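Visitor: So here's final-v6.pdb (PDB, N, CA and C atoms).
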ATOM      1  N   MET G  26     -62.182  28.585 -25.130  1.00  0.00           N
ATOM      2  CA  MET G  26     -60.902  27.922 -24.935  1.00  0.00           C
ATOM      3  C   MET G  26     -59.831  28.965 -24.621  1.00  0.00           C
ATOM      4  N   VAL G  27     -59.020  28.674 -23.636  1.00  0.00           N
ATOM      5  CA  VAL G  27     -57.946  29.572 -23.226  1.00  0.00           C
ATOM      6  C   VAL G  27     -56.757  29.400 -24.170  1.00  0.00           C
ATOM      7  N   ARG G  28     -56.165  30.540 -24.540  1.00  0.00           N
ATOM      8  CA  ARG G  28     -54.962  30.529 -25.373  1.00  0.00           C
ATOM      9  C   ARG G  28     -53.869  31.309 -24.665  1.00  0.00           C
ATOM     10  N   TYR G  29     -52.643  30.888 -24.871  1.00  0.00           N
ATOM     11  CA  TYR G  29     -51.483  31.553 -24.289  1.00  0.00           C
ATOM     12  C   TYR G  29     -50.638  32.113 -25.423  1.00  0.00           C
ATOM     13  N   LEU G  30     -50.416  33.420 -25.382  1.00  0.00           N
ATOM     14  CA  LEU G  30     -49.653  34.087 -26.432  1.00  0.00           C
ATOM     15  C   LEU G  30     -48.428  34.772 -25.847  1.00  0.00           C
ATOM     16  N   VAL G  31     -47.314  34.656 -26.540  1.00  0.00           N
ATOM     17  CA  VAL G  31     -46.081  35.326 -26.125  1.00  0.00           C
ATOM     18  C   VAL G  31     -46.181  36.796 -26.516  1.00  0.00           C
ATOM     19  N   THR G  32     -45.768  37.653 -25.590  1.00  0.00           N
ATOM     20  CA  THR G  32     -45.745  39.090 -25.853  1.00  0.00           C
ATOM     21  C   THR G  32     -44.302  39.572 -25.799  1.00  0.00           C
ATOM     22  N   ARG G  33     -44.051  40.685 -26.480  1.00  0.00           N
ATOM     23  CA  ARG G  33     -42.713  41.275 -26.499  1.00  0.00           C
ATOM     24  C   ARG G  33     -42.856  42.775 -26.285  1.00  0.00           C
ATOM     25  N   GLN G  34     -42.063  43.289 -25.376  1.00  0.00           N
ATOM     26  CA  GLN G  34     -42.070  44.727 -25.116  1.00  0.00           C
ATOM     27  C   GLN G  34     -40.637  45.225 -25.128  1.00  0.00           C
ATOM     28  N   SER G  35     -40.461  46.395 -25.700  1.00  0.00           N
ATOM     29  CA  SER G  35     -39.147  47.030 -25.681  1.00  0.00           C
ATOM     30  C   SER G  35     -39.030  47.886 -24.431  1.00  0.00           C
ATOM     31  N   ALA G  36     -37.876  47.812 -23.808  1.00  0.00           N
ATOM     32  CA  ALA G  36     -37.594  48.623 -22.630  1.00  0.00           C
ATOM     33  C   ALA G  36     -36.214  49.243 -22.809  1.00  0.00           C
ATOM     34  N   ALA G  37     -35.899  50.193 -21.975  1.00  0.00           N
ATOM     35  CA  ALA G  37     -34.607  50.869 -22.072  1.00  0.00           C
ATOM     36  C   ALA G  37     -33.438  49.891 -21.915  1.00  0.00           C
ATOM     37  N   ASP G  38     -33.645  48.840 -21.120  1.00  0.00           N
ATOM     38  CA  ASP G  38     -32.572  47.877 -20.876  1.00  0.00           C
ATOM     39  C   ASP G  38     -32.687  46.617 -21.742  1.00  0.00           C
ATOM     40  N   GLY G  39     -33.508  46.650 -22.770  1.00  0.00           N
ATOM     41  CA  GLY G  39     -33.650  45.510 -23.689  1.00  0.00           C
ATOM     42  C   GLY G  39     -35.096  45.083 -23.832  1.00  0.00           C
ATOM     43  N   GLU G  40     -35.273  43.942 -24.465  1.00  0.00           N
ATOM     44  CA  GLU G  40     -36.623  43.422 -24.681  1.00  0.00           C
ATOM     45  C   GLU G  40     -37.063  42.562 -23.498  1.00  0.00           C
ATOM     46  N   ARG G  41     -38.373  42.564 -23.273  1.00  0.00           N
ATOM     47  CA  ARG G  41     -38.971  41.731 -22.234  1.00  0.00           C
ATOM     48  C   ARG G  41     -40.015  40.834 -22.907  1.00  0.00           C
ATOM     49  N   PHE G  42     -40.047  39.591 -22.479  1.00  0.00           N
ATOM     50  CA  PHE G  42     -40.981  38.632 -23.049  1.00  0.00           C
ATOM     51  C   PHE G  42     -41.959  38.182 -21.978  1.00  0.00           C
ATOM     52  N   GLY G  43     -43.218  38.183 -22.328  1.00  0.00           N
ATOM     53  CA  GLY G  43     -44.257  37.809 -21.387  1.00  0.00           C
ATOM     54  C   GLY G  43     -45.253  36.869 -22.023  1.00  0.00           C
ATOM     55  N   ILE G  44     -46.293  36.577 -21.270  1.00  0.00           N
ATOM     56  CA  ILE G  44     -47.364  35.699 -21.751  1.00  0.00           C
ATOM     57  C   ILE G  44     -48.696  36.354 -21.415  1.00  0.00           C
ATOM     58  N   ALA G  45     -49.556  36.427 -22.427  1.00  0.00           N
ATOM     59  CA  ALA G  45     -50.923  36.908 -22.247  1.00  0.00           C
ATOM     60  C   ALA G  45     -51.851  35.701 -22.267  1.00  0.00           C
ATOM     61  N   VAL G  46     -52.862  35.736 -21.408  1.00  0.00           N
ATOM     62  CA  VAL G  46     -53.843  34.660 -21.329  1.00  0.00           C
ATOM     63  C   VAL G  46     -55.138  35.187 -21.930  1.00  0.00           C
ATOM     64  N   LEU G  47     -55.591  34.551 -23.001  1.00  0.00           N
ATOM     65  CA  LEU G  47     -56.806  34.989 -23.676  1.00  0.00           C
ATOM     66  C   LEU G  47     -57.894  33.937 -23.576  1.00  0.00           C
ATOM     67  N   ASP G  48     -59.090  34.403 -23.297  1.00  0.00           N
ATOM     68  CA  ASP G  48     -60.281  33.552 -23.302  1.00  0.00           C
ATOM     69  C   ASP G  48     -61.184  34.133 -24.377  1.00  0.00           C
ATOM     70  N   GLY G  49     -61.220  33.493 -25.505  1.00  0.00           N
ATOM     71  CA  GLY G  49     -61.909  34.062 -26.663  1.00  0.00           C
ATOM     72  C   GLY G  49     -61.129  35.278 -27.135  1.00  0.00           C
ATOM     73  N   GLN G  50     -61.764  36.431 -27.175  1.00  0.00           N
ATOM     74  CA  GLN G  50     -61.102  37.667 -27.595  1.00  0.00           C
ATOM     75  C   GLN G  50     -60.639  38.511 -26.406  1.00  0.00           C
ATOM     76  N   ASP G  51     -60.955  38.066 -25.198  1.00  0.00           N
ATOM     77  CA  ASP G  51     -60.654  38.853 -24.001  1.00  0.00           C
ATOM     78  C   ASP G  51     -59.357  38.414 -23.335  1.00  0.00           C
ATOM     79  N   THR G  52     -58.517  39.371 -22.969  1.00  0.00           N
ATOM     80  CA  THR G  52     -57.326  39.089 -22.175  1.00  0.00           C
ATOM     81  C   THR G  52     -57.768  38.992 -20.720  1.00  0.00           C
ATOM     82  N   VAL G  53     -57.545  37.819 -20.108  1.00  0.00           N
ATOM     83  CA  VAL G  53     -58.004  37.604 -18.744  1.00  0.00           C
ATOM     84  C   VAL G  53     -56.869  37.644 -17.725  1.00  0.00           C
ATOM     85  N   ASP G  54     -55.642  37.522 -18.192  1.00  0.00           N
ATOM     86  CA  ASP G  54     -54.490  37.586 -17.297  1.00  0.00           C
ATOM     87  C   ASP G  54     -53.248  37.712 -18.160  1.00  0.00           C
ATOM     88  N   GLY G  55     -52.139  37.912 -17.526  1.00  0.00           N
ATOM     89  CA  GLY G  55     -50.883  37.979 -18.246  1.00  0.00           C
ATOM     90  C   GLY G  55     -49.784  38.557 -17.378  1.00  0.00           C
ATOM     91  N   ILE G  56     -48.576  38.252 -17.764  1.00  0.00           N
ATOM     92  CA  ILE G  56     -47.396  38.784 -17.088  1.00  0.00           C
ATOM     93  C   ILE G  56     -46.449  39.263 -18.176  1.00  0.00           C
ATOM     94  N   ASP G  57     -45.965  40.496 -18.030  1.00  0.00           N
ATOM     95  CA  ASP G  57     -45.146  41.115 -19.072  1.00  0.00           C
ATOM     96  C   ASP G  57     -43.696  40.663 -19.096  1.00  0.00           C
ATOM     97  N   ASP G  58     -43.164  40.206 -17.983  1.00  0.00           N
ATOM     98  CA  ASP G  58     -41.754  39.840 -17.914  1.00  0.00           C
ATOM     99  C   ASP G  58     -41.630  38.452 -17.307  1.00  0.00           C
ATOM    100  N   VAL G  59     -41.696  37.427 -18.169  1.00  0.00           N
ATOM    101  CA  VAL G  59     -41.708  36.047 -17.692  1.00  0.00           C
ATOM    102  C   VAL G  59     -40.310  35.437 -17.673  1.00  0.00           C
ATOM    103  N   ALA G  60     -39.606  35.526 -18.777  1.00  0.00           N
ATOM    104  CA  ALA G  60     -38.289  34.902 -18.902  1.00  0.00           C
ATOM    105  C   ALA G  60     -37.386  35.816 -19.725  1.00  0.00           C
ATOM    106  N   PRO G  61     -36.080  35.661 -19.569  1.00  0.00           N
ATOM    107  CA  PRO G  61     -35.149  36.564 -20.251  1.00  0.00           C
ATOM    108  C   PRO G  61     -35.009  36.341 -21.754  1.00  0.00           C
ATOM    109  N   THR G  62     -35.459  35.181 -22.250  1.00  0.00           N
ATOM    110  CA  THR G  62     -35.306  34.927 -23.687  1.00  0.00           C
ATOM    111  C   THR G  62     -36.646  34.557 -24.325  1.00  0.00           C
ATOM    112  N   LEU G  63     -36.722  34.808 -25.601  1.00  0.00           N
ATOM    113  CA  LEU G  63     -37.909  34.435 -26.368  1.00  0.00           C
ATOM    114  C   LEU G  63     -38.099  32.918 -26.351  1.00  0.00           C
ATOM    115  N   GLN G  64     -37.016  32.169 -26.444  1.00  0.00           N
ATOM    116  CA  GLN G  64     -37.099  30.708 -26.470  1.00  0.00           C
ATOM    117  C   GLN G  64     -37.699  30.152 -25.183  1.00  0.00           C
ATOM    118  N   GLN G  65     -37.277  30.660 -24.024  1.00  0.00           N
ATOM    119  CA  GLN G  65     -37.818  30.183 -22.757  1.00  0.00           C
ATOM    120  C   GLN G  65     -39.297  30.534 -22.625  1.00  0.00           C
ATOM    121  N   THR G  66     -39.640  31.731 -23.019  1.00  0.00           N
ATOM    122  CA  THR G  66     -41.030  32.175 -22.915  1.00  0.00           C
ATOM    123  C   THR G  66     -41.921  31.380 -23.859  1.00  0.00           C
ATOM    124  N   THR G  67     -41.442  31.133 -25.051  1.00  0.00           N
ATOM    125  CA  THR G  67     -42.200  30.341 -26.033  1.00  0.00           C
ATOM    126  C   THR G  67     -42.387  28.912 -25.534  1.00  0.00           C
ATOM    127  N   ALA G  68     -41.353  28.346 -24.945  1.00  0.00           N
ATOM    128  CA  ALA G  68     -41.456  26.978 -24.416  1.00  0.00           C
ATOM    129  C   ALA G  68     -42.503  26.906 -23.306  1.00  0.00           C
ATOM    130  N   LEU G  69     -42.527  27.904 -22.449  1.00  0.00           N
ATOM    131  CA  LEU G  69     -43.517  27.918 -21.369  1.00  0.00           C
ATOM    132  C   LEU G  69     -44.932  28.089 -21.907  1.00  0.00           C
ATOM    133  N   ALA G  70     -45.109  28.998 -22.860  1.00  0.00           N
ATOM    134  CA  ALA G  70     -46.441  29.204 -23.454  1.00  0.00           C
ATOM    135  C   ALA G  70     -46.923  27.925 -24.140  1.00  0.00           C
ATOM    136  N   ALA G  71     -46.020  27.237 -24.818  1.00  0.00           N
ATOM    137  CA  ALA G  71     -46.381  25.973 -25.478  1.00  0.00           C
ATOM    138  C   ALA G  71     -46.764  24.918 -24.444  1.00  0.00           C
ATOM    139  N   PHE G  72     -46.019  24.847 -23.350  1.00  0.00           N
ATOM    140  CA  PHE G  72     -46.330  23.906 -22.276  1.00  0.00           C
ATOM    141  C   PHE G  72     -47.728  24.154 -21.715  1.00  0.00           C
ATOM    142  N   LEU G  73     -48.025  25.428 -21.448  1.00  0.00           N
ATOM    143  CA  LEU G  73     -49.341  25.791 -20.920  1.00  0.00           C
ATOM    144  C   LEU G  73     -50.450  25.397 -21.892  1.00  0.00           C
ATOM    145  N   GLN G  74     -50.250  25.700 -23.167  1.00  0.00           N
ATOM    146  CA  GLN G  74     -51.256  25.421 -24.187  1.00  0.00           C
ATOM    147  C   GLN G  74     -51.457  23.925 -24.381  1.00  0.00           C
ATOM    148  N   GLU G  75     -50.346  23.194 -24.512  1.00  0.00           N
ATOM    149  CA  GLU G  75     -50.421  21.754 -24.781  1.00  0.00           C
ATOM    150  C   GLU G  75     -51.050  20.973 -23.633  1.00  0.00           C
ATOM    151  N   ASN G  76     -50.889  21.474 -22.417  1.00  0.00           N
ATOM    152  CA  ASN G  76     -51.428  20.782 -21.258  1.00  0.00           C
ATOM    153  C   ASN G  76     -52.791  21.315 -20.817  1.00  0.00           C
ATOM    154  N   GLY G  77     -53.331  22.240 -21.576  1.00  0.00           N
ATOM    155  CA  GLY G  77     -54.676  22.739 -21.298  1.00  0.00           C
ATOM    156  C   GLY G  77     -54.816  23.387 -19.931  1.00  0.00           C
ATOM    157  N   VAL G  78     -53.802  24.114 -19.517  1.00  0.00           N
ATOM    158  CA  VAL G  78     -53.830  24.757 -18.201  1.00  0.00           C
ATOM    159  C   VAL G  78     -54.914  25.829 -18.185  1.00  0.00           C
ATOM    160  N   ALA G  79     -55.801  25.741 -17.206  1.00  0.00           N
ATOM    161  CA  ALA G  79     -56.874  26.724 -17.054  1.00  0.00           C
ATOM    162  C   ALA G  79     -56.286  28.062 -16.636  1.00  0.00           C
ATOM    163  N   ALA G  80     -56.930  29.137 -17.046  1.00  0.00           N
ATOM    164  CA  ALA G  80     -56.455  30.489 -16.735  1.00  0.00           C
ATOM    165  C   ALA G  80     -56.303  30.706 -15.241  1.00  0.00           C
ATOM    166  N   VAL G  81     -57.174  30.100 -14.445  1.00  0.00           N
ATOM    167  CA  VAL G  81     -57.128  30.274 -12.993  1.00  0.00           C
ATOM    168  C   VAL G  81     -55.848  29.672 -12.397  1.00  0.00           C
ATOM    169  N   HIS G  82     -55.216  28.742 -13.097  1.00  0.00           N
ATOM    170  CA  HIS G  82     -53.995  28.098 -12.615  1.00  0.00           C
ATOM    171  C   HIS G  82     -52.729  28.652 -13.264  1.00  0.00           C
ATOM    172  N   PHE G  83     -52.870  29.611 -14.149  1.00  0.00           N
ATOM    173  CA  PHE G  83     -51.749  30.170 -14.897  1.00  0.00           C
ATOM    174  C   PHE G  83     -50.596  30.617 -13.999  1.00  0.00           C
ATOM    175  N   ARG G  84     -50.874  31.433 -13.023  1.00  0.00           N
ATOM    176  CA  ARG G  84     -49.816  31.980 -12.162  1.00  0.00           C
ATOM    177  C   ARG G  84     -49.166  30.901 -11.297  1.00  0.00           C
ATOM    178  N   ASP G  85     -49.934  29.925 -10.830  1.00  0.00           N
ATOM    179  CA  ASP G  85     -49.366  28.831 -10.037  1.00  0.00           C
ATOM    180  C   ASP G  85     -48.421  27.979 -10.873  1.00  0.00           C
ATOM    181  N   VAL G  86     -48.837  27.643 -12.085  1.00  0.00           N
ATOM    182  CA  VAL G  86     -47.992  26.840 -12.968  1.00  0.00           C
ATOM    183  C   VAL G  86     -46.749  27.624 -13.362  1.00  0.00           C
ATOM    184  N   LEU G  87     -46.907  28.906 -13.639  1.00  0.00           N
ATOM    185  CA  LEU G  87     -45.764  29.760 -13.980  1.00  0.00           C
ATOM    186  C   LEU G  87     -44.759  29.778 -12.821  1.00  0.00           C
ATOM    187  N   GLU G  88     -45.252  29.948 -11.602  1.00  0.00           N
ATOM    188  CA  GLU G  88     -44.379  29.976 -10.430  1.00  0.00           C
ATOM    189  C   GLU G  88     -43.613  28.662 -10.290  1.00  0.00           C
ATOM    190  N   ASP G  89     -44.302  27.530 -10.465  1.00  0.00           N
ATOM    191  CA  ASP G  89     -43.644  26.216 -10.383  1.00  0.00           C
ATOM    192  C   ASP G  89     -42.608  26.069 -11.482  1.00  0.00           C
ATOM    193  N   TRP G  90     -42.932  26.509 -12.690  1.00  0.00           N
ATOM    194  CA  TRP G  90     -42.021  26.394 -13.834  1.00  0.00           C
ATOM    195  C   TRP G  90     -40.730  27.178 -13.567  1.00  0.00           C
ATOM    196  N   LEU G  91     -40.877  28.389 -13.064  1.00  0.00           N
ATOM    197  CA  LEU G  91     -39.718  29.247 -12.838  1.00  0.00           C
ATOM    198  C   LEU G  91     -38.886  28.781 -11.643  1.00  0.00           C
ATOM    199  N   ALA G  92     -39.510  28.086 -10.691  1.00  0.00           N
ATOM    200  CA  ALA G  92     -38.799  27.610  -9.505  1.00  0.00           C
ATOM    201  C   ALA G  92     -38.001  26.330  -9.763  1.00  0.00           C
ATOM    202  N   ARG G  93     -38.256  25.668 -10.863  1.00  0.00           N
ATOM    203  CA  ARG G  93     -37.574  24.397 -11.114  1.00  0.00           C
ATOM    204  C   ARG G  93     -36.130  24.566 -11.484  1.00  0.00           C
TER
END
Mind converting the file's structure to structure tokens?
Guide:
Amino acid sequence: MVRYLVTRQSAADGERFGIAVLDGQDTVDGIDDVAPTLQQTTALAAFLQENGVAAVHFRDVLEDWLAR
């Protein structure tokens, strides 16, 4: 089962929030800088998880989400 986890990285200009895509124990995809806030990134990760988005569609769904 695919899981979507929010990631946080510190950078010189502030924190960056991303999403990692895990299949079992393996990271199969991810983007380090998804949205400017933890709340937006968490909402997107929850959307992906709740709707059972397959890892192969992760980037397409992310692109649609950010374009709205």
Visitor: Where does the PyMOL selection byres ((chain G and resi 38-42) around 6.5) land in this file, that is, which residues does it pick, as a list in words?
Guide: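 Given this file, the PyMOL selection byres ((chain G and resi 38-42) around 6.5) evaluates to Val31, Thr32, Arg33, Gln34, Ser35, Ala36, Ala37, Gly43, Ile44, Ile56, Asp57, Asp58, Val59, Ala60, Pro61, Thr62, Leu63 and Thr66 of chain G.
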Visitor: Can you tell me how far atom CA of G:Val81 sits from atom CA of G:Gln64, in Å to one decimal?
Guide: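 Taking atom CA of G:Val81 as the start and atom CA of G:Gln64 as the end point, the length is 24.1 Å.
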Visitor: Could you pull out the strand (DSSP E) residues of chain G, going by DSSP on the backbone, and write them as JSON, numbers by chain?
Guide: {"G": [27, 28, 29, 30, 31, 32, 33, 34, 35, 36, 39, 40, 41, 42, 43, 44, 45, 46, 47, 48, 51, 52, 53, 54, 55, 56, 57, 58, 59, 60]}
Visitor: Can you spit out the residues from that selection as a PDB file, in the frame of the given file, using N, CA and C atoms?
Guide:
ATOM      1  N   VAL G  27     -59.020  28.674 -23.636  1.00  0.00           N
ATOM      2  CA  VAL G  27     -57.946  29.572 -23.226  1.00  0.00           C
ATOM      3  C   VAL G  27     -56.757  29.400 -24.170  1.00  0.00           C
ATOM      4  N   ARG G  28     -56.165  30.540 -24.540  1.00  0.00           N
ATOM      5  CA  ARG G  28     -54.962  30.529 -25.373  1.00  0.00           C
ATOM      6  C   ARG G  28     -53.869  31.309 -24.665  1.00  0.00           C
ATOM      7  N   TYR G  29     -52.643  30.888 -24.871  1.00  0.00           N
ATOM      8  CA  TYR G  29     -51.483  31.553 -24.289  1.00  0.00           C
ATOM      9  C   TYR G  29     -50.638  32.113 -25.423  1.00  0.00           C
ATOM     10  N   LEU G  30     -50.416  33.420 -25.382  1.00  0.00           N
ATOM     11  CA  LEU G  30     -49.653  34.087 -26.432  1.00  0.00           C
ATOM     12  C   LEU G  30     -48.428  34.772 -25.847  1.00  0.00           C
ATOM     13  N   VAL G  31     -47.314  34.656 -26.540  1.00  0.00           N
ATOM     14  CA  VAL G  31     -46.081  35.326 -26.125  1.00  0.00           C
ATOM     15  C   VAL G  31     -46.181  36.796 -26.516  1.00  0.00           C
ATOM     16  N   THR G  32     -45.768  37.653 -25.590  1.00  0.00           N
ATOM     17  CA  THR G  32     -45.745  39.090 -25.853  1.00  0.00           C
ATOM     18  C   THR G  32     -44.302  39.572 -25.799  1.00  0.00           C
ATOM     19  N   ARG G  33     -44.051  40.685 -26.480  1.00  0.00           N
ATOM     20  CA  ARG G  33     -42.713  41.275 -26.499  1.00  0.00           C
ATOM     21  C   ARG G  33     -42.856  42.775 -26.285  1.00  0.00           C
ATOM     22  N   GLN G  34     -42.063  43.289 -25.376  1.00  0.00           N
ATOM     23  CA  GLN G  34     -42.070  44.727 -25.116  1.00  0.00           C
ATOM     24  C   GLN G  34     -40.637  45.225 -25.128  1.00  0.00           C
ATOM     25  N   SER G  35     -40.461  46.395 -25.700  1.00  0.00           N
ATOM     26  CA  SER G  35     -39.147  47.030 -25.681  1.00  0.00           C
ATOM     27  C   SER G  35     -39.030  47.886 -24.431  1.00  0.00           C
ATOM     28  N   ALA G  36     -37.876  47.812 -23.808  1.00  0.00           N
ATOM     29  CA  ALA G  36     -37.594  48.623 -22.630  1.00  0.00           C
ATOM     30  C   ALA G  36     -36.214  49.243 -22.809  1.00  0.00           C
ATOM     31  N   GLY G  39     -33.508  46.650 -22.770  1.00  0.00           N
ATOM     32  CA  GLY G  39     -33.650  45.510 -23.689  1.00  0.00           C
ATOM     33  C   GLY G  39     -35.096  45.083 -23.832  1.00  0.00           C
ATOM     34  N   GLU G  40     -35.273  43.942 -24.465  1.00  0.00           N
ATOM     35  CA  GLU G  40     -36.623  43.422 -24.681  1.00  0.00           C
ATOM     36  C   GLU G  40     -37.063  42.562 -23.498  1.00  0.00           C
ATOM     37  N   ARG G  41     -38.373  42.564 -23.273  1.00  0.00           N
ATOM     38  CA  ARG G  41     -38.971  41.731 -22.234  1.00  0.00           C
ATOM     39  C   ARG G  41     -40.015  40.834 -22.907  1.00  0.00           C
ATOM     40  N   PHE G  42     -40.047  39.591 -22.479  1.00  0.00           N
ATOM     41  CA  PHE G  42     -40.981  38.632 -23.049  1.00  0.00           C
ATOM     42  C   PHE G  42     -41.959  38.182 -21.978  1.00  0.00           C
ATOM     43  N   GLY G  43     -43.218  38.183 -22.328  1.00  0.00           N
ATOM     44  CA  GLY G  43     -44.257  37.809 -21.387  1.00  0.00           C
ATOM     45  C   GLY G  43     -45.253  36.869 -22.023  1.00  0.00           C
ATOM     46  N   ILE G  44     -46.293  36.577 -21.270  1.00  0.00           N
ATOM     47  CA  ILE G  44     -47.364  35.699 -21.751  1.00  0.00           C
ATOM     48  C   ILE G  44     -48.696  36.354 -21.415  1.00  0.00           C
ATOM     49  N   ALA G  45     -49.556  36.427 -22.427  1.00  0.00           N
ATOM     50  CA  ALA G  45     -50.923  36.908 -22.247  1.00  0.00           C
ATOM     51  C   ALA G  45     -51.851  35.701 -22.267  1.00  0.00           C
ATOM     52  N   VAL G  46     -52.862  35.736 -21.408  1.00  0.00           N
ATOM     53  CA  VAL G  46     -53.843  34.660 -21.329  1.00  0.00           C
ATOM     54  C   VAL G  46     -55.138  35.187 -21.930  1.00  0.00           C
ATOM     55  N   LEU G  47     -55.591  34.551 -23.001  1.00  0.00           N
ATOM     56  CA  LEU G  47     -56.806  34.989 -23.676  1.00  0.00           C
ATOM     57  C   LEU G  47     -57.894  33.937 -23.576  1.00  0.00           C
ATOM     58  N   ASP G  48     -59.090  34.403 -23.297  1.00  0.00           N
ATOM     59  CA  ASP G  48     -60.281  33.552 -23.302  1.00  0.00           C
ATOM     60  C   ASP G  48     -61.184  34.133 -24.377  1.00  0.00           C
ATOM     61  N   ASP G  51     -60.955  38.066 -25.198  1.00  0.00           N
ATOM     62  CA  ASP G  51     -60.654  38.853 -24.001  1.00  0.00           C
ATOM     63  C   ASP G  51     -59.357  38.414 -23.335  1.00  0.00           C
ATOM     64  N   THR G  52     -58.517  39.371 -22.969  1.00  0.00           N
ATOM     65  CA  THR G  52     -57.326  39.089 -22.175  1.00  0.00           C
ATOM     66  C   THR G  52     -57.768  38.992 -20.720  1.00  0.00           C
ATOM     67  N   VAL G  53     -57.545  37.819 -20.108  1.00  0.00           N
ATOM     68  CA  VAL G  53     -58.004  37.604 -18.744  1.00  0.00           C
ATOM     69  C   VAL G  53     -56.869  37.644 -17.725  1.00  0.00           C
ATOM     70  N   ASP G  54     -55.642  37.522 -18.192  1.00  0.00           N
ATOM     71  CA  ASP G  54     -54.490  37.586 -17.297  1.00  0.00           C
ATOM     72  C   ASP G  54     -53.248  37.712 -18.160  1.00  0.00           C
ATOM     73  N   GLY G  55     -52.139  37.912 -17.526  1.00  0.00           N
ATOM     74  CA  GLY G  55     -50.883  37.979 -18.246  1.00  0.00           C
ATOM     75  C   GLY G  55     -49.784  38.557 -17.378  1.00  0.00           C
ATOM     76  N   ILE G  56     -48.576  38.252 -17.764  1.00  0.00           N
ATOM     77  CA  ILE G  56     -47.396  38.784 -17.088  1.00  0.00           C
ATOM     78  C   ILE G  56     -46.449  39.263 -18.176  1.00  0.00           C
ATOM     79  N   ASP G  57     -45.965  40.496 -18.030  1.00  0.00           N
ATOM     80  CA  ASP G  57     -45.146  41.115 -19.072  1.00  0.00           C
ATOM     81  C   ASP G  57     -43.696  40.663 -19.096  1.00  0.00           C
ATOM     82  N   ASP G  58     -43.164  40.206 -17.983  1.00  0.00           N
ATOM     83  CA  ASP G  58     -41.754  39.840 -17.914  1.00  0.00           C
ATOM     84  C   ASP G  58     -41.630  38.452 -17.307  1.00  0.00           C
ATOM     85  N   VAL G  59     -41.696  37.427 -18.169  1.00  0.00           N
ATOM     86  CA  VAL G  59     -41.708  36.047 -17.692  1.00  0.00           C
ATOM     87  C   VAL G  59     -40.310  35.437 -17.673  1.00  0.00           C
ATOM     88  N   ALA G  60     -39.606  35.526 -18.777  1.00  0.00           N
ATOM     89  CA  ALA G  60     -38.289  34.902 -18.902  1.00  0.00           C
ATOM     90  C   ALA G  60     -37.386  35.816 -19.725  1.00  0.00           C
TER      91      ALA G  60
END
Visitor: Set up a box along x, y and z of the file covering all listed atoms of stretch 33-44 of chain G, add 5 Å on every one of the six sides, and write the centre and edge lengths in Å to one decimal, as JSON.
Guide:
{"center_x": -40.6, "center_y": 43.3, "center_z": -23.7, "size_x": 26.1, "size_y": 25.2, "size_z": 15.6}
Visitor: Residues near G:Met26, anyone? I mean within 6 Å using only N, CA and C atoms, not counting same-chain ones fewer than 3 positions away, as a compact mmCIF listing (two decimals) with N, CA and C atoms, keeping the file's coordinate frame.
Guide:
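Once written, result-v7.txt looks like this:
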# COMPACT_ATOMS: atom_id res chain seq x y z
N LEU G 47 -55.59 34.55 -23.00
CA LEU G 47 -56.81 34.99 -23.68
C LEU G 47 -57.89 33.94 -23.58
N ASP G 48 -59.09 34.40 -23.30
CA ASP G 48 -60.28 33.55 -23.30
C ASP G 48 -61.18 34.13 -24.38
N GLY G 49 -61.22 33.49 -25.50
CA GLY G 49 -61.91 34.06 -26.66
C GLY G 49 -61.13 35.28 -27.14
Visitor: Pull the alpha helix (DSSP H) assignments for chain G out of DSSP run on the backbone, and list those residues as a ChimeraX atom specification.
Guide: /G:63-75,83-92
Visitor: What is the atom N of G:Leu91 to atom CA of G:Leu69 distance in Å?
Guide: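 Computing the Euclidean distance for atom N of G:Leu91 and atom CA of G:Leu69 yields 8.7 Å.
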Visitor: Taking the file as I've supplied it (selection: the PyMOL selection byres (((chain G and resi 71-78 and name CA) around 10) and name CA)), which residues are included? Please answer as a PyMOL selection string.
Guide: chain G and resi 26-31+46+65-70+79-83+86-87+90
Visitor: Would you work out the distance separating atom N of G:Gly55 from atom C of G:Arg84, expressed in Å to one decimal?
Guide: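 Separation of atom N of G:Gly55 and atom C of G:Arg84: 9.8 Å.
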